[in-house]
Amino acid sequence: MDKPPPERPQAAAAGNGLPGPEDSRRALLFMLEDLAAAHKQIDLAHQQWMAALDAVDDPIFLHDAEGRILRANRAYQRCAGVPFKAIIGQPYHHVFPKLDAPLPACADAMHGGSETMQEISVGGRGYRSRVFPVHDEQGVFLYSVHVLEDVTEHLQMAQAVQEVNDKLHAIMDNSQSLIYMADVEGRFQMVNRAFAQLFHMEPEQMLGQPREALMPKESAQQHRDNDLQIMRSGQPLTLEETNPQEDGLHTYLTVKFPLRKPDGSVYAVAGISSDITERKRHEAEILRVNRALRVVSAGNQALIHASEEQALLQQMCRTVVETGGYRMAWVGYLQDDIIKSVLPMAYSGFEESYLETVHITWADEEHGRGPTGRAARSGRTQIAQNIDTDPSLAPWRENALKHGYAASIALPLMDDGSKCFGVITMYDAAPDAFDAEEVKVLEELAGDLAFGIVTLRMRKAHQEHERRLQQNMLQTVRAISGIVEMRDPYTAGHQARVGELARAIGREMGLAEDTQHAIYLAGLVHDLGKIRIPAEILSKPGRLSELEYDLIKLHPQAGYDILKGVEFSWPIARMVLEHHERLDGSGYPQGLQGDDILPESRILCVADVLEAMASHRPYRPSLGIEAGLGELSRGRGSLYDAQVVDACLRLFREKAYVMPR
């Protein structure tokens with residue numbers, strides 16, 4: 001517990017009842033102590049008061065009626081930038097903020113007796129000046145407490161908000177999108193200029209108006225129902241809405257979202273709508289063009305893999321229907337008969353029996369004036385966008401509508417001489433189905449189809465021509481081969497057997513058929529050069545002299561010289577030249593090595609060695625197949641190509657190949 005204050009001694013009474021000198025001295029001491037304690041409390045209060053002022057970040061000062069500074073906190077001193085001794089007693093408008101005169105708010109506060117406030121700008125910063133007048137008990141003005149609240153950030157924020165608001169309103173008023181806000185009753189609380197112009201009004205005229213006053217009942221109800229859905233769910237919604245306008249029904253893509261109070265309740269719905277009528281029209285056009293492009297792409301695949309004309313026509317019709325989604329397609333060829341009929345060659349789609357019930361001609365008469373007949377005669381694309389109303393479709397209208405055909409397009413098929421030989425006709429289930437871009441793509445399809453047909457016909461003719469050329473070439477080569485065998489009867493059949501064996505080795509190695517055929521032809525004439533060797537040397541029964549053998553070694557070059565002027569499709573002459581070359585360079589006539597020798601020549605070499613050793617010669621009897629295979633095995637990789645030798649060994653030892661007679 002707190003101790004009680006010491007009790008003051010009572011002054012002793014003198015004999016006459018008056019305090020004595022000692023008593024007076026003590027009383028004076030106590031009075032001085034009380035006064036000191038009071039001053040101490042005042043100083044403490046002053047210090048606490050000033051500490052409280054110094055703790056405030058905003059400048060605070062006291063000034064008298066003339067504006068002279070009586071007190072100031074440290075924040076004020078920092079803003080003034082001078083020591084306290086240079087502040088006290090000075091008119092504040094000479095110190096901070098430096099002005100021509102005291103603020104009018106100071107006089108207003110002093111005379112009005114209440115707080116005043118105004119905003120000022122000093123040194124690029126904003127202050128809210130607040131003045132609090134202080135009066136004594138009799139109402140006499142004593143001084144004013146002046147607070148300069150730094151509101152720079154607040155002002156900057158307010159300015160930024162204002163700039164944002166200005167930009168937002170500028171964006172809204174310059175936006176082509178429709179922007180609005182409607183309350184829970186459906187009345188417009190805010191609209192931008194584009195929205196107001198839709199109703200030929202100014203934005204201010206629409207405020208407070210319900211939708212029902214501006215829109216047709218059905219449209220207004222549709223929008224209202226969407227707003228109520230958002231209010232109930234509290235979730236944004238993206239949807240398409242329609243609005244009738246002077247030029248027809250327009251479609252808008254709208255994003256709607258709820259606006260909430262701090263307690264979470266929805267007080268309004270905001271919406272942003274963009275007119276997508278034109279975009280939807282373009283999307284429909286793009287869809288139509290895309291389906292045509294898909295047809296062209298799939299049709300090109302059919303063209304690439306087509307090997308027969310009728311199959312190509314059928315695949316193309318199927319592609320138009322299954323890939324493009326057209327209702328029916330058919331290809332007709334123009335006939336040079338009396339009635340100029342159009343003969344259906346292929347068709348696909350819904351109710352294909354339609355073609356069996358119609359009569360179409362390319363003559364200039366009633367049944368030839370539809371799209372197909374006109375396309376055939378003119379060589380240009382013909383379109384019927386609405387079969388129900390197109391007078392040229394009268395002969396087929398009832399039947400076409402029964403089958404679900406609403407529009408049709410006929411595209412001519414032109415040959416290289418720009419003559420129409422056929423027409424591809426397509427039908428769609430919707431009227432106005434063929435726009436300009438889609439027509440361009442379909443014309444490309446028709447051009448590709450016509451080119452494919454002409455190409456197949458040319459290819460067929462070329463193949464027949466090629467077959468005849470090959471037959472003639474084979475007969476020619478066999479005739480040349482026969483010339484050698486007439487001069488050298490002991491090697492009769494040698495060239496043919498070498499050719500057959502070489503072809504079999506090539507087949508075993510997996511070579512292409514035309515390469516196999518080329519090796520076979522080279523085998524048939526590989527010894528052609530021997531016609532330049534004297535017959536007595538070719539048929540000599542004994543051992544050849546060195547000079548005679550040198551003459552024999554000239555036959556590859558002689559054969560090459562004879563054949564090099566003949567235009568073969570393959571390097572026949574070079575194979576003949578190299579059939580005695582060896583991998584190690586020990587062969588003749590050029591001493592070629594390794595990869596310098598054609599792969600076909602290496603095959604011919606192996607076949608020639610094996611056949612020669614297995615056959616009888618004037619100077620020796622047959623050595624046999626096994627001797628020949630042994631020679632090839634010993635020379636594998638050094639004299640003869642390893643892969644060729646391996647293939648030859650497989651033929652005889654695994655697949656029981658028999659040398660032809």
# chains A, B, ... in the order shown; residues from 1 in each chain; ligands from 1
call {"tool": "closest_atom_pairs", "arguments": {"of": "segment 312-385 of chain A", "to": "segment 407-415 of chain A", "cutoff": "6 Å", "atoms": "only C-alpha atoms", "output": "Markdown table"}}
result
| residue | atom | partner | partner_atom | distance |
| --- | --- | --- | --- | --- |
| A:Pro371 | CA | A:Ala410 | CA | 5.5 |
| A:Thr372 | CA | A:Ala410 | CA | 5.2 |
| A:Ala375 | CA | A:Pro412 | CA | 5.6 |
| A:Ala376 | CA | A:Pro412 | CA | 5.9 |
| A:Gly379 | CA | A:Pro412 | CA | 5.6 |
| A:Thr381 | CA | A:Leu411 | CA | 4.7 |
| A:Gln382 | CA | A:Ala410 | CA | 5.2 |
| A:Ile383 | CA | A:Ile409 | CA | 4.4 |
| A:Ala384 | CA | A:Ser408 | CA | 5.2 |
| A:Gln385 | CA | A:Ala407 | CA | 4.7 |
call {"tool": "select_by_dssp", "arguments": {"residues": "segment 49-245 of chain A", "states": "strand (DSSP E or B)", "output": "ChimeraX atom specification"}}
result
/A:60-63,68-72,91,116-122,125-135,141-150,178-183,187-191,210,237-245
call {"tool": "atom_distance", "arguments": {"atom1": "atom CA of Arg650 of chain A", "atom2": "atom CA of Ile505 of chain A"}}
result
9.2 Å
call {"tool": "select_by_dssp", "arguments": {"residues": "segment 94-252 of chain A", "states": "alpha helix (DSSP H)", "output": "NGL selection string"}}
result
:A and (94-95 or 104-112 or 152-174 or 193-198 or 203-206 or 217-233)
call {"tool": "residues_around", "arguments": {"residues": "segment 144-156 of chain A", "least_positions_apart": "5", "cutoff": "7 Å", "atoms": "only C-alpha atoms", "output": "number ranges by chain"}}
result
A: 58-64, 125-134
call {"tool": "closest_residue", "arguments": {"among": "A:Ala194, A:Ile360, A:Leu313, A:Ala182", "to": "Ala170 of chain A", "atoms": "only C-alpha atoms"}}
result
A:Ala194
call {"tool": "closest_residue", "arguments": {"among": "A:Val269, A:Val122, A:Ile179, A:Met426", "to": "Thr319 of chain A", "atoms": "only C-alpha atoms"}}
result
A:Met426
call {"tool": "atom_distance", "arguments": {"atom1": "atom CA of Cys317 of chain A", "atom2": "atom CA of Ser348 of chain A"}}
result
5.4 Å
call {"tool": "residues_around", "arguments": {"residues": "Leu303 of chain A", "least_positions_apart": "2", "cutoff": "10 Å", "atoms": "only C-alpha atoms", "output": "list of chain:residue names"}}
result
A:Ser297, A:Ala298, A:Gly299, A:Asn300, A:Gln301, A:His305, A:Ala306, A:Ser307, A:Glu308, A:Glu309, A:Leu312, A:Leu313, A:Gln315, A:Met316, A:Asp448, A:Leu449, A:Phe451, A:Gly452, A:Ile453, A:Thr455, A:Leu456
call {"tool": "residues_around", "arguments": {"residues": "Ile519 of chain A", "least_positions_apart": "4", "cutoff": "9 Å", "atoms": "only C-alpha atoms", "output": "PDB file with N, CA and C atoms, in the first residue's frame"}}
result
ATOM      1  N   GLY A 499      22.414 -64.291-117.629  1.00  0.00           N
ATOM      2  CA  GLY A 499      21.355 -63.301-117.389  1.00  0.00           C
ATOM      3  C   GLY A 499      20.318 -63.796-116.393  1.00  0.00           C
ATOM      4  N   GLU A 500      19.877 -65.046-116.531  1.00  0.00           N
ATOM      5  CA  GLU A 500      18.887 -65.605-115.609  1.00  0.00           C
ATOM      6  C   GLU A 500      19.438 -65.694-114.185  1.00  0.00           C
ATOM      7  N   ALA A 502      21.963 -63.975-112.877  1.00  0.00           N
ATOM      8  CA  ALA A 502      22.178 -62.617-112.338  1.00  0.00           C
ATOM      9  C   ALA A 502      20.858 -62.026-111.847  1.00  0.00           C
ATOM     10  N   ARG A 503      19.795 -62.247-112.624  1.00  0.00           N
ATOM     11  CA  ARG A 503      18.487 -61.740-112.189  1.00  0.00           C
ATOM     12  C   ARG A 503      18.037 -62.426-110.893  1.00  0.00           C
ATOM     13  N   GLY A 506      19.922 -60.901-107.996  1.00  0.00           N
ATOM     14  CA  GLY A 506      19.359 -59.581-107.684  1.00  0.00           C
ATOM     15  C   GLY A 506      18.058 -59.696-106.927  1.00  0.00           C
ATOM     16  N   ASP A 514      12.839 -53.430-111.750  1.00  0.00           N
ATOM     17  CA  ASP A 514      13.441 -52.862-112.955  1.00  0.00           C
ATOM     18  C   ASP A 514      14.962 -53.038-112.947  1.00  0.00           C
ATOM     19  N   THR A 515      15.580 -53.023-111.749  1.00  0.00           N
ATOM     20  CA  THR A 515      17.026 -53.274-111.655  1.00  0.00           C
ATOM     21  C   THR A 515      17.337 -54.727-112.004  1.00  0.00           C
ATOM     22  N   GLY A 523      23.144 -59.304-118.920  1.00  0.00           N
ATOM     23  CA  GLY A 523      23.655 -60.675-119.015  1.00  0.00           C
ATOM     24  C   GLY A 523      23.479 -61.254-120.401  1.00  0.00           C
ATOM     25  N   LEU A 524      22.377 -60.903-121.059  1.00  0.00           N
ATOM     26  CA  LEU A 524      22.115 -61.443-122.395  1.00  0.00           C
ATOM     27  C   LEU A 524      23.146 -60.985-123.423  1.00  0.00           C
ATOM     28  N   TRP A 570      18.816 -48.120-118.613  1.00  0.00           N
ATOM     29  CA  TRP A 570      19.744 -48.461-117.532  1.00  0.00           C
ATOM     30  C   TRP A 570      21.167 -48.488-118.097  1.00  0.00           C
ATOM     31  N   ILE A 572      23.379 -50.369-119.250  1.00  0.00           N
ATOM     32  CA  ILE A 572      23.688 -51.699-119.779  1.00  0.00           C
ATOM     33  C   ILE A 572      25.128 -51.753-120.291  1.00  0.00           C
ATOM     34  N   MET A 575      27.690 -52.030-117.512  1.00  0.00           N
ATOM     35  CA  MET A 575      27.708 -53.362-116.893  1.00  0.00           C
ATOM     36  C   MET A 575      28.515 -54.329-117.749  1.00  0.00           C
ATOM     37  N   GLU A 600      25.543 -53.538-109.997  1.00  0.00           N
ATOM     38  CA  GLU A 600      24.988 -54.463-110.978  1.00  0.00           C
ATOM     39  C   GLU A 600      26.102 -55.235-111.689  1.00  0.00           C
ATOM     40  N   SER A 601      27.235 -54.543-111.923  1.00  0.00           N
ATOM     41  CA  SER A 601      28.371 -55.203-112.574  1.00  0.00           C
ATOM     42  C   SER A 601      28.939 -56.298-111.681  1.00  0.00           C
ATOM     43  N   ILE A 603      27.256 -58.140-109.587  1.00  0.00           N
ATOM     44  CA  ILE A 603      26.339 -59.286-109.678  1.00  0.00           C
ATOM     45  C   ILE A 603      26.597 -60.055-110.961  1.00  0.00           C
ATOM     46  N   LEU A 604      26.757 -59.325-112.071  1.00  0.00           N
ATOM     47  CA  LEU A 604      27.014 -59.952-113.372  1.00  0.00           C
ATOM     48  C   LEU A 604      28.328 -60.741-113.340  1.00  0.00           C
TER      49      LEU A 604
END
call {"tool": "atom_distance", "arguments": {"atom1": "atom CA of Pro216 of chain A", "atom2": "atom CA of Arg279 of chain A"}}
result
24.1 Å
call {"tool": "residues_around", "arguments": {"residues": "segment 261-266 of chain A", "least_positions_apart": "4", "cutoff": "8 Å", "atoms": "only C-alpha atoms", "output": "PDB file with C-alpha atoms, in the first residue's frame"}}
result
ATOM      1  CA  VAL A 184     -32.115  -5.758 -59.367  1.00  0.00           C
ATOM      2  CA  MET A 231     -28.317 -12.747 -59.387  1.00  0.00           C
ATOM      3  CA  GLY A 234     -23.855 -15.086 -58.058  1.00  0.00           C
TER       4      GLY A 234
END
call {"tool": "residues_around", "arguments": {"residues": "Val296 of chain A", "least_positions_apart": "3", "cutoff": "8 Å", "atoms": "only C-alpha atoms", "output": "VMD selection string"}}
result
chain A and resid 292 to 293 299 to 300 441 to 442 444 to 445
call {"tool": "closest_residue", "arguments": {"among": "A:Arg602, A:Val658, A:Asn386, A:Ala158", "to": "Arg497 of chain A", "atoms": "only C-alpha atoms"}}
result
A:Val658
call {"tool": "closest_residue", "arguments": {"among": "A:Cys106, A:Leu287, A:Ile531, A:Val423", "to": "Tyr347 of chain A", "atoms": "only C-alpha atoms"}}
result
A:Val423
call {"tool": "decode", "arguments": {"residues": "segment 392-438 of chain A", "atoms": "N, CA and C atoms", "output": "JSON list (two decimals), in the first residue's frame"}}
result
[["chain", "number", "residue", "atom", "x", "y", "z"],
["A", 392, "SER", "N", -35.05, -22.94, -113.51],
["A", 392, "SER", "CA", -34.37, -23.91, -114.37],
["A", 392, "SER", "C", -34.42, -25.32, -113.81],
["A", 393, "LEU", "N", -34.78, -25.45, -112.52],
["A", 393, "LEU", "CA", -34.84, -26.76, -111.87],
["A", 393, "LEU", "C", -36.24, -27.35, -111.90],
["A", 394, "ALA", "N", -37.17, -26.75, -112.66],
["A", 394, "ALA", "CA", -38.56, -27.21, -112.68],
["A", 394, "ALA", "C", -38.71, -28.70, -113.00],
["A", 395, "PRO", "N", -37.98, -29.25, -113.98],
["A", 395, "PRO", "CA", -38.18, -30.67, -114.31],
["A", 395, "PRO", "C", -37.79, -31.62, -113.17],
["A", 396, "TRP", "N", -36.92, -31.16, -112.26],
["A", 396, "TRP", "CA", -36.42, -32.06, -111.21],
["A", 396, "TRP", "C", -36.83, -31.62, -109.80],
["A", 397, "ARG", "N", -37.56, -30.46, -109.70],
["A", 397, "ARG", "CA", -37.81, -29.86, -108.38],
["A", 397, "ARG", "C", -38.48, -30.83, -107.42],
["A", 398, "GLU", "N", -39.57, -31.39, -107.79],
["A", 398, "GLU", "CA", -40.35, -32.23, -106.87],
["A", 398, "GLU", "C", -39.51, -33.40, -106.36],
["A", 399, "ASN", "N", -38.84, -34.06, -107.27],
["A", 399, "ASN", "CA", -38.03, -35.21, -106.89],
["A", 399, "ASN", "C", -36.84, -34.80, -106.01],
["A", 400, "ALA", "N", -36.21, -33.66, -106.35],
["A", 400, "ALA", "CA", -35.06, -33.19, -105.58],
["A", 400, "ALA", "C", -35.46, -32.82, -104.17],
["A", 401, "LEU", "N", -36.55, -32.08, -104.02],
["A", 401, "LEU", "CA", -37.01, -31.68, -102.69],
["A", 401, "LEU", "C", -37.41, -32.90, -101.86],
["A", 402, "LYS", "N", -37.99, -33.89, -102.51],
["A", 402, "LYS", "CA", -38.38, -35.11, -101.80],
["A", 402, "LYS", "C", -37.16, -35.82, -101.23],
["A", 403, "HIS", "N", -36.03, -35.71, -101.93],
["A", 403, "HIS", "CA", -34.80, -36.35, -101.46],
["A", 403, "HIS", "C", -33.99, -35.44, -100.54],
["A", 404, "GLY", "N", -34.50, -34.25, -100.24],
["A", 404, "GLY", "CA", -33.81, -33.36, -99.30],
["A", 404, "GLY", "C", -32.74, -32.51, -99.92],
["A", 405, "TYR", "N", -32.79, -32.28, -101.24],
["A", 405, "TYR", "CA", -31.80, -31.44, -101.90],
["A", 405, "TYR", "C", -32.34, -30.02, -101.99],
["A", 406, "ALA", "N", -31.61, -29.06, -101.41],
["A", 406, "ALA", "CA", -32.07, -27.67, -101.41],
["A", 406, "ALA", "C", -31.24, -26.78, -102.32],
["A", 407, "ALA", "N", -29.98, -27.15, -102.57],
["A", 407, "ALA", "CA", -29.10, -26.36, -103.44],
["A", 407, "ALA", "C", -28.17, -27.32, -104.16],
["A", 408, "SER", "N", -27.68, -26.91, -105.33],
["A", 408, "SER", "CA", -26.77, -27.78, -106.08],
["A", 408, "SER", "C", -25.73, -26.95, -106.80],
["A", 409, "ILE", "N", -24.61, -27.60, -107.10],
["A", 409, "ILE", "CA", -23.53, -26.97, -107.85],
["A", 409, "ILE", "C", -23.00, -27.99, -108.84],
["A", 410, "ALA", "N", -22.75, -27.56, -110.07],
["A", 410, "ALA", "CA", -22.22, -28.43, -111.12],
["A", 410, "ALA", "C", -20.90, -27.86, -111.60],
["A", 411, "LEU", "N", -19.84, -28.68, -111.58],
["A", 411, "LEU", "CA", -18.50, -28.23, -111.94],
["A", 411, "LEU", "C", -18.00, -29.05, -113.13],
["A", 412, "PRO", "N", -17.63, -28.37, -114.23],
["A", 412, "PRO", "CA", -17.19, -29.10, -115.43],
["A", 412, "PRO", "C", -15.83, -29.75, -115.23],
["A", 413, "LEU", "N", -15.62, -30.88, -115.89],
["A", 413, "LEU", "CA", -14.34, -31.57, -115.92],
["A", 413, "LEU", "C", -13.75, -31.34, -117.31],
["A", 414, "MET", "N", -12.61, -30.63, -117.35],
["A", 414, "MET", "CA", -12.03, -30.20, -118.62],
["A", 414, "MET", "C", -10.76, -31.00, -118.91],
["A", 415, "ASP", "N", -10.56, -31.36, -120.20],
["A", 415, "ASP", "CA", -9.34, -32.06, -120.57],
["A", 415, "ASP", "C", -8.25, -31.05, -120.91],
["A", 416, "ASP", "N", -7.10, -31.55, -121.37],
["A", 416, "ASP", "CA", -5.98, -30.65, -121.66],
["A", 416, "ASP", "C", -6.30, -29.65, -122.77],
["A", 417, "GLY", "N", -7.23, -30.02, -123.62],
["A", 417, "GLY", "CA", -7.60, -29.11, -124.71],
["A", 417, "GLY", "C", -8.73, -28.19, -124.35],
["A", 418, "SER", "N", -9.02, -28.06, -123.03],
["A", 418, "SER", "CA", -10.09, -27.20, -122.52],
["A", 418, "SER", "C", -11.45, -27.58, -123.09],
["A", 419, "LYS", "N", -11.63, -28.86, -123.26],
["A", 419, "LYS", "CA", -12.92, -29.38, -123.70],
["A", 419, "LYS", "C", -13.56, -30.13, -122.55],
["A", 420, "CYS", "N", -14.84, -29.86, -122.31],
["A", 420, "CYS", "CA", -15.54, -30.52, -121.21],
["A", 420, "CYS", "C", -15.88, -31.95, -121.61],
["A", 421, "PHE", "N", -15.45, -32.90, -120.76],
["A", 421, "PHE", "CA", -15.77, -34.30, -121.03],
["A", 421, "PHE", "C", -16.68, -34.90, -119.96],
["A", 422, "GLY", "N", -16.91, -34.12, -118.87],
["A", 422, "GLY", "CA", -17.76, -34.63, -117.80],
["A", 422, "GLY", "C", -18.12, -33.54, -116.82],
["A", 423, "VAL", "N", -18.97, -33.85, -115.86],
["A", 423, "VAL", "CA", -19.42, -32.89, -114.85],
["A", 423, "VAL", "C", -19.52, -33.62, -113.51],
["A", 424, "ILE", "N", -19.05, -32.97, -112.44],
["A", 424, "ILE", "CA", -19.30, -33.48, -111.10],
["A", 424, "ILE", "C", -20.34, -32.55, -110.45],
["A", 425, "THR", "N", -21.44, -33.11, -110.01],
["A", 425, "THR", "CA", -22.56, -32.34, -109.45],
["A", 425, "THR", "C", -22.74, -32.72, -107.99],
["A", 426, "MET", "N", -22.93, -31.69, -107.14],
["A", 426, "MET", "CA", -23.09, -31.91, -105.69],
["A", 426, "MET", "C", -24.38, -31.25, -105.23],
["A", 427, "TYR", "N", -24.98, -31.81, -104.19],
["A", 427, "TYR", "CA", -26.23, -31.29, -103.62],
["A", 427, "TYR", "C", -26.03, -31.06, -102.12],
["A", 428, "ASP", "N", -26.67, -29.97, -101.61],
["A", 428, "ASP", "CA", -26.62, -29.67, -100.19],
["A", 428, "ASP", "C", -28.04, -29.59, -99.64],
["A", 429, "ALA", "N", -28.18, -29.85, -98.34],
["A", 429, "ALA", "CA", -29.50, -29.87, -97.72],
["A", 429, "ALA", "C", -30.00, -28.48, -97.36],
["A", 430, "ALA", "N", -29.15, -27.46, -97.44],
["A", 430, "ALA", "CA", -29.55, -26.10, -97.07],
["A", 430, "ALA", "C", -29.49, -25.18, -98.29],
["A", 431, "PRO", "N", -30.44, -24.26, -98.41],
["A", 431, "PRO", "CA", -30.37, -23.28, -99.51],
["A", 431, "PRO", "C", -29.22, -22.31, -99.28],
["A", 432, "ASP", "N", -28.79, -21.64, -100.33],
["A", 432, "ASP", "CA", -27.68, -20.66, -100.27],
["A", 432, "ASP", "C", -26.44, -21.28, -99.64],
["A", 433, "ALA", "N", -26.16, -22.53, -99.99],
["A", 433, "ALA", "CA", -25.09, -23.27, -99.34],
["A", 433, "ALA", "C", -23.71, -23.00, -99.94],
["A", 434, "PHE", "N", -23.66, -22.43, -101.14],
["A", 434, "PHE", "CA", -22.37, -22.32, -101.83],
["A", 434, "PHE", "C", -21.99, -20.85, -101.97],
["A", 435, "ASP", "N", -21.05, -20.38, -101.12],
["A", 435, "ASP", "CA", -20.59, -19.00, -101.25],
["A", 435, "ASP", "C", -19.35, -18.96, -102.15],
["A", 436, "ALA", "N", -18.88, -17.74, -102.41],
["A", 436, "ALA", "CA", -17.82, -17.55, -103.41],
["A", 436, "ALA", "C", -16.54, -18.30, -103.05],
["A", 437, "GLU", "N", -16.12, -18.24, -101.78],
["A", 437, "GLU", "CA", -14.88, -18.89, -101.39],
["A", 437, "GLU", "C", -14.98, -20.40, -101.49],
["A", 438, "GLU", "N", -16.14, -20.94, -101.09],
["A", 438, "GLU", "CA", -16.33, -22.38, -101.18],
["A", 438, "GLU", "C", -16.33, -22.82, -102.64]]
